[in-house]
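What follows is a short report on a single structure.
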There are 2 protein chains.
Amino acid sequence: MSLRYGLLGLLAEGPASGYDLARRFEAVLGAVWPAQQPKIYAELNRLAAEGLIEIDSEGPRRRKAYRITDEGLAAVRGWLTSGEVDHTLRIQSVLRSAFFWLMEPDELRAHLERERAHFAREAEWYRQYAAAKDRGDFGDSPQTRSLRVAAEAGHRLYQALADWADWTLDTRE
Amino acid sequence: MSLRYGLLGLLAEGPASGYDLARRFEAVLGAVWPAQQPKIYAELNRLAAEGLIEIDSEGPRRRKAYRITDEGLAAVRGWLTSGEVDHTLRIQSVLRSAFFWLMEPDELRAHLERERAHFAREAEWYRQYAAAKDRGDFGDSPQTRSLRVAAEAGHRLYQALADWADWTLDTRE
DNA sequence: GCTTCACATGTACCTTGGTACATGTCCCTA
DNA sequence: TAGGGACATGTACCAAGGTACATGTGAAGC
């Protein structure tokens, strides 16, 4: 259950509405965790019912602002250092790579040429993302600084796939 | 829906029972995708109902052996080259890194020392996994060879996290 | 004053994965 | 020959994420 901790973590920076959180989730955590707007509203209601957040104010345009409670802060802090972490990669590109042998040589060649470009693009995207974070394009929030490592991790992962595609193409020609 | 393609991909190598597939899924794809035994049986029945696999034989001990059909092969091949791939990392260690700033300096220091060891262990695990694949410890099935790239990708990802933990600890002392 | 559109919050339903537990089968050994 | 245990297949339910669609609110432009 990562959505809830993502929301609590963002709220730890200061009060925000569901709508704000949806945009910030996308901008700040989009590269690491996806979140659909409807699920955000649902989760906020659940968190409020459990007392981990509370309504800070009700502004104009039906706008509610949520604030994290002490219990909420304790919950997200506990999660940060809590035990067992799943080490499976769960990345579709990686899983698919296990079955490339099913393709005919010509088909594989064509596919890998596309994939090489794709992986290189992903690697570059994460590199740019890291550079933008370094420049402070997303503001200089604490998450933004912390996520620098996520960008680097993504870059290295996709670079590994791109290198492998290169290697496979080279040894086949 | 990756479980189904994982199963189809494994069955592309040859007929197998649900029990076999559960063990092979764990051994071959365990580092990339998790699969619970009950879900495997459920998915096999669904695949059979859709005609993507069929029962090859019913052996002793209630043992059923499934065989992939031409439709099944076409489905998994189509999946290999099909469009949109999600580029989010969805790795808990990475998401958590966004909120480390919530910890007190002393707490962060202690946590990062544990994490550094953990990341280094993960990186090493993937390195060993790659080495074992190179030696052919898991047999020399086509997936095993293909998954060499997954091991490398996992290694690089966790190495990035370990490097970052080192860097953070160094610049703080 | 009416329309339009971006802002803002939801409801409903579906798919997928996670987990606890039940059952059947057959070999091996005391 | 009785029973323990590995092999083998499921049922049932729950948790979480994905997606389509409905609704309310208010400012800006005509």
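Going through the structure tokens in order, the chains are called A, B, and so on, while each chain numbers its residues from 1 and the ligands are numbered from 1 in the order shown.
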Exercise answer, chain A residues close to chain D, 10 Å and only C-alpha atoms (C1' of nucleotides), as a CSV table (one decimal) with C-alpha atoms, in the first residue's frame:
chain,number,residue,atom,x,y,z
A,1,MET,CA,0.0,0.0,0.0
A,2,SER,CA,2.2,2.7,-1.3
A,3,LEU,CA,-0.3,5.3,-2.4
A,34,PRO,CA,1.5,6.1,-10.5
A,35,ALA,CA,-1.7,7.5,-8.9
A,36,GLN,CA,-5.1,8.0,-10.4
A,38,PRO,CA,-10.1,9.0,-8.1
A,39,LYS,CA,-8.0,6.7,-6.0
A,60,PRO,CA,-14.2,28.2,-2.1
A,61,ARG,CA,-15.1,25.9,-5.0
A,62,ARG,CA,-15.7,22.9,-2.8
A,63,ARG,CA,-12.0,23.0,-2.1
Legend entry - Shell of 7 Å around range 22-25 of chain B, only C-alpha atoms (C1' of nucleotides), local chain residues under 5 positions omitted, as a PyMOL selection string: chain B and resi 30+37+40
Can you write just those residues out, all heavy atoms, as a PDB file, in the first residue's frame?
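Resulting contents of result.pdb:
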ATOM      1  N   GLY B  30      11.589 -15.413 -10.729  1.00  0.00           N
ATOM      2  CA  GLY B  30      11.379 -14.912  -9.366  1.00  0.00           C
ATOM      3  C   GLY B  30      11.948 -13.528  -9.112  1.00  0.00           C
ATOM      4  O   GLY B  30      11.378 -12.741  -8.355  1.00  0.00           O
ATOM      5  N   GLN B  37       1.200 -19.563  -6.029  1.00  0.00           N
ATOM      6  CA  GLN B  37       0.721 -20.825  -6.584  1.00  0.00           C
ATOM      7  C   GLN B  37      -0.790 -20.820  -6.886  1.00  0.00           C
ATOM      8  O   GLN B  37      -1.178 -21.185  -7.997  1.00  0.00           O
ATOM      9  CB  GLN B  37       1.073 -21.966  -5.625  1.00  0.00           C
ATOM     10  CG  GLN B  37       1.528 -23.199  -6.358  1.00  0.00           C
ATOM     11  CD  GLN B  37       1.780 -24.371  -5.430  1.00  0.00           C
ATOM     12  OE1 GLN B  37       1.159 -24.490  -4.378  1.00  0.00           O
ATOM     13  NE2 GLN B  37       2.681 -25.235  -5.831  1.00  0.00           N
ATOM     14  N   ILE B  40      -1.580 -19.093 -10.038  1.00  0.00           N
ATOM     15  CA  ILE B  40      -1.112 -19.806 -11.226  1.00  0.00           C
ATOM     16  C   ILE B  40      -2.163 -20.808 -11.694  1.00  0.00           C
ATOM     17  O   ILE B  40      -2.515 -20.853 -12.871  1.00  0.00           O
ATOM     18  CB  ILE B  40       0.236 -20.506 -10.942  1.00  0.00           C
ATOM     19  CG1 ILE B  40       1.344 -19.444 -10.837  1.00  0.00           C
ATOM     20  CG2 ILE B  40       0.565 -21.536 -12.018  1.00  0.00           C
ATOM     21  CD1 ILE B  40       2.715 -19.999 -10.518  1.00  0.00           C
TER      22      ILE B  40
END
For the contact check between chain A and chain B, emit one row per residue of chain A within 6 Å, containing the shortest atom pair and the distance in Å rounded to one decimal, counting only C-alpha atoms, chain then rising number order, as a tab-separated table.
residue	atom	partner	partner_atom	distance
A:Ala31	CA	B:Thr88	CA	4.9
A:Val32	CA	B:Leu89	CA	4.7
A:Trp33	CA	B:Arg90	CA	5.2
A:Leu80	CA	B:Arg96	CA	5.9
A:Thr88	CA	B:Ala31	CA	4.9
A:Leu89	CA	B:Val32	CA	4.7
A:Arg90	CA	B:Trp33	CA	5.2
A:Val94	CA	B:Ala150	CA	5.7
A:Arg96	CA	B:Leu80	CA	5.9
A:Ala98	CA	B:Ser146	CA	4.8
A:Gln143	CA	B:Ala98	CA	4.8
A:Ser146	CA	B:Ala98	CA	4.8
A:Leu147	CA	B:Ala98	CA	5.0
A:Ala150	CA	B:Val94	CA	5.7
A:Ala153	CA	B:Leu157	CA	4.9
A:Arg156	CA	B:Arg156	CA	5.8
A:Leu157	CA	B:Ala153	CA	4.9
A:Ala160	CA	B:Ala153	CA	5.3
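If you look at CA of Gly59 in chain B and C1' of DT29 in chain C, they are 25.0 Å away from each other.
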Inset, instruction - Mind listing the alpha helix (DSSP H) residues of range 14-153 of chain B, per DSSP on the backbone, as a PyMOL selection string? - result: chain B and resi 18-24+37-49+70-81+92-97+105-135+142-146+148-153
Inset, instruction - Could you please tell me, as a ChimeraX atom specification, which residues of chain C have an atom within 9 Å of chain A when using only C-alpha atoms (C1' of nucleotides)? - result: /C:7-10
Suppose we keep N, CA and C atoms (P, O5', C5', C4', C3', O3' and C1' of nucleotides); can you now write the selection as a PDB file, in the first residue's frame?
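Saved to selection10.pdb:
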ATOM      1  P    DC C   7      -7.324  24.441 -14.587  1.00  0.00           P
ATOM      2  O5'  DC C   7      -8.236  24.322 -13.291  1.00  0.00           O
ATOM      3  C5'  DC C   7      -8.612  25.515 -12.594  1.00  0.00           C
ATOM      4  C4'  DC C   7      -9.661  25.163 -11.574  1.00  0.00           C
ATOM      5  C3'  DC C   7      -9.190  24.156 -10.510  1.00  0.00           C
ATOM      6  O3'  DC C   7      -9.478  24.715  -9.240  1.00  0.00           O
ATOM      7  C1'  DC C   7     -11.280  23.548 -11.378  1.00  0.00           C
ATOM      8  P    DA C   8      -8.782  24.126  -7.914  1.00  0.00           P
ATOM      9  O5'  DA C   8      -9.709  22.865  -7.581  1.00  0.00           O
ATOM     10  C5'  DA C   8     -10.947  23.057  -6.897  1.00  0.00           C
ATOM     11  C4'  DA C   8     -11.696  21.758  -6.792  1.00  0.00           C
ATOM     12  C3'  DA C   8     -10.935  20.531  -6.285  1.00  0.00           C
ATOM     13  O3'  DA C   8     -11.204  20.403  -4.883  1.00  0.00           O
ATOM     14  C1'  DA C   8     -12.613  20.027  -7.907  1.00  0.00           C
ATOM     15  P    DT C   9     -10.760  19.081  -4.093  1.00  0.00           P
ATOM     16  O5'  DT C   9     -11.990  18.101  -4.366  1.00  0.00           O
ATOM     17  C5'  DT C   9     -13.285  18.466  -3.900  1.00  0.00           C
ATOM     18  C4'  DT C   9     -14.276  17.375  -4.219  1.00  0.00           C
ATOM     19  C3'  DT C   9     -13.912  15.988  -3.651  1.00  0.00           C
ATOM     20  O3'  DT C   9     -14.970  15.532  -2.822  1.00  0.00           O
ATOM     21  C1'  DT C   9     -14.623  15.827  -5.896  1.00  0.00           C
ATOM     22  P    DG C  10     -14.770  14.414  -1.744  1.00  0.00           P
ATOM     23  O5'  DG C  10     -14.759  13.128  -2.696  1.00  0.00           O
ATOM     24  C5'  DG C  10     -15.823  12.323  -2.586  1.00  0.00           C
ATOM     25  C4'  DG C  10     -16.586  12.187  -3.913  1.00  0.00           C
ATOM     26  C3'  DG C  10     -16.986  10.753  -4.176  1.00  0.00           C
ATOM     27  O3'  DG C  10     -18.153  10.464  -3.429  1.00  0.00           O
ATOM     28  C1'  DG C  10     -16.418  11.944  -6.189  1.00  0.00           C
TER      29       DG C  10
END
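One finds CA of Asp170 in chain B at 11.1 Å from CA of Glu113 in chain B.
Residues in contact with range 46-48 of chain A at 10 Å, where only C-alpha atoms (C1' of nucleotides) are counted and same-chain residues fewer than 5 positions away are skipped, are listed as Arg4, Leu7, Leu8, Ile40, Tyr41, Ile53, Glu54, Ile55, Tyr66, Arg67, Ile68, Thr69 and Gly72 of chain A.
Those residues of range 5-170 of chain B that DSSP, working from the backbone, places in strand (DSSP E or B) are Ala16, Ile53, Glu54, Ile55, Asp56, Ser57, Glu58, Lys64, Ala65, Tyr66, Arg67, Ile68, Asp137 and Gly139 of chain B.
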Save out the residues we just selected, N, CA, C and O atoms, as a tab-separated table (two decimals), in the first residue's frame.
chain	number	residue	atom	x	y	z
B	16	ALA	N	4.06	-28.56	-19.27
B	16	ALA	CA	4.38	-28.63	-17.84
B	16	ALA	C	3.09	-28.59	-17.04
B	16	ALA	O	2.05	-28.14	-17.53
B	53	ILE	N	-4.07	-22.39	-24.06
B	53	ILE	CA	-3.34	-23.62	-23.69
B	53	ILE	C	-4.36	-24.75	-23.69
B	53	ILE	O	-5.57	-24.51	-23.69
B	54	GLU	N	-3.84	-25.99	-23.68
B	54	GLU	CA	-4.75	-27.13	-23.57
B	54	GLU	C	-4.10	-28.23	-22.75
B	54	GLU	O	-2.88	-28.23	-22.58
B	55	ILE	N	-4.92	-29.16	-22.27
B	55	ILE	CA	-4.37	-30.24	-21.45
B	55	ILE	C	-3.70	-31.25	-22.36
B	55	ILE	O	-4.32	-31.78	-23.27
B	56	ASP	N	-2.42	-31.46	-22.09
B	56	ASP	CA	-1.61	-32.35	-22.90
B	56	ASP	C	-1.84	-33.78	-22.46
B	56	ASP	O	-1.98	-34.68	-23.27
B	57	SER	N	-1.89	-34.01	-21.15
B	57	SER	CA	-2.12	-35.35	-20.62
B	57	SER	C	-2.50	-35.22	-19.15
B	57	SER	O	-2.20	-34.23	-18.51
B	58	GLU	N	-3.19	-36.24	-18.67
B	58	GLU	CA	-3.48	-36.29	-17.25
B	58	GLU	C	-2.72	-37.47	-16.67
B	58	GLU	O	-3.07	-38.62	-16.92
B	64	LYS	N	-1.90	-32.75	-14.09
B	64	LYS	CA	-2.26	-32.35	-15.44
B	64	LYS	C	-1.04	-31.71	-16.09
B	64	LYS	O	-0.33	-30.94	-15.45
B	65	ALA	N	-0.84	-32.00	-17.36
B	65	ALA	CA	0.24	-31.31	-18.07
B	65	ALA	C	-0.40	-30.42	-19.14
B	65	ALA	O	-1.25	-30.87	-19.89
B	66	TYR	N	-0.02	-29.16	-19.14
B	66	TYR	CA	-0.57	-28.22	-20.12
B	66	TYR	C	0.39	-28.01	-21.27
B	66	TYR	O	1.61	-28.09	-21.11
B	67	ARG	N	-0.17	-27.77	-22.44
B	67	ARG	CA	0.63	-27.49	-23.62
B	67	ARG	C	0.10	-26.19	-24.23
B	67	ARG	O	-1.10	-25.93	-24.25
B	68	ILE	N	1.00	-25.37	-24.73
B	68	ILE	CA	0.58	-24.10	-25.34
B	68	ILE	C	0.02	-24.37	-26.73
B	68	ILE	O	0.50	-25.26	-27.45
B	137	ASP	N	23.86	-22.52	-13.97
B	137	ASP	CA	23.36	-23.21	-12.78
B	137	ASP	C	21.87	-23.53	-12.86
B	137	ASP	O	21.40	-24.45	-12.20
B	139	GLY	N	20.32	-24.49	-15.45
B	139	GLY	CA	20.12	-25.12	-16.73
B	139	GLY	C	20.39	-24.07	-17.79
B	139	GLY	O	20.75	-22.93	-17.47
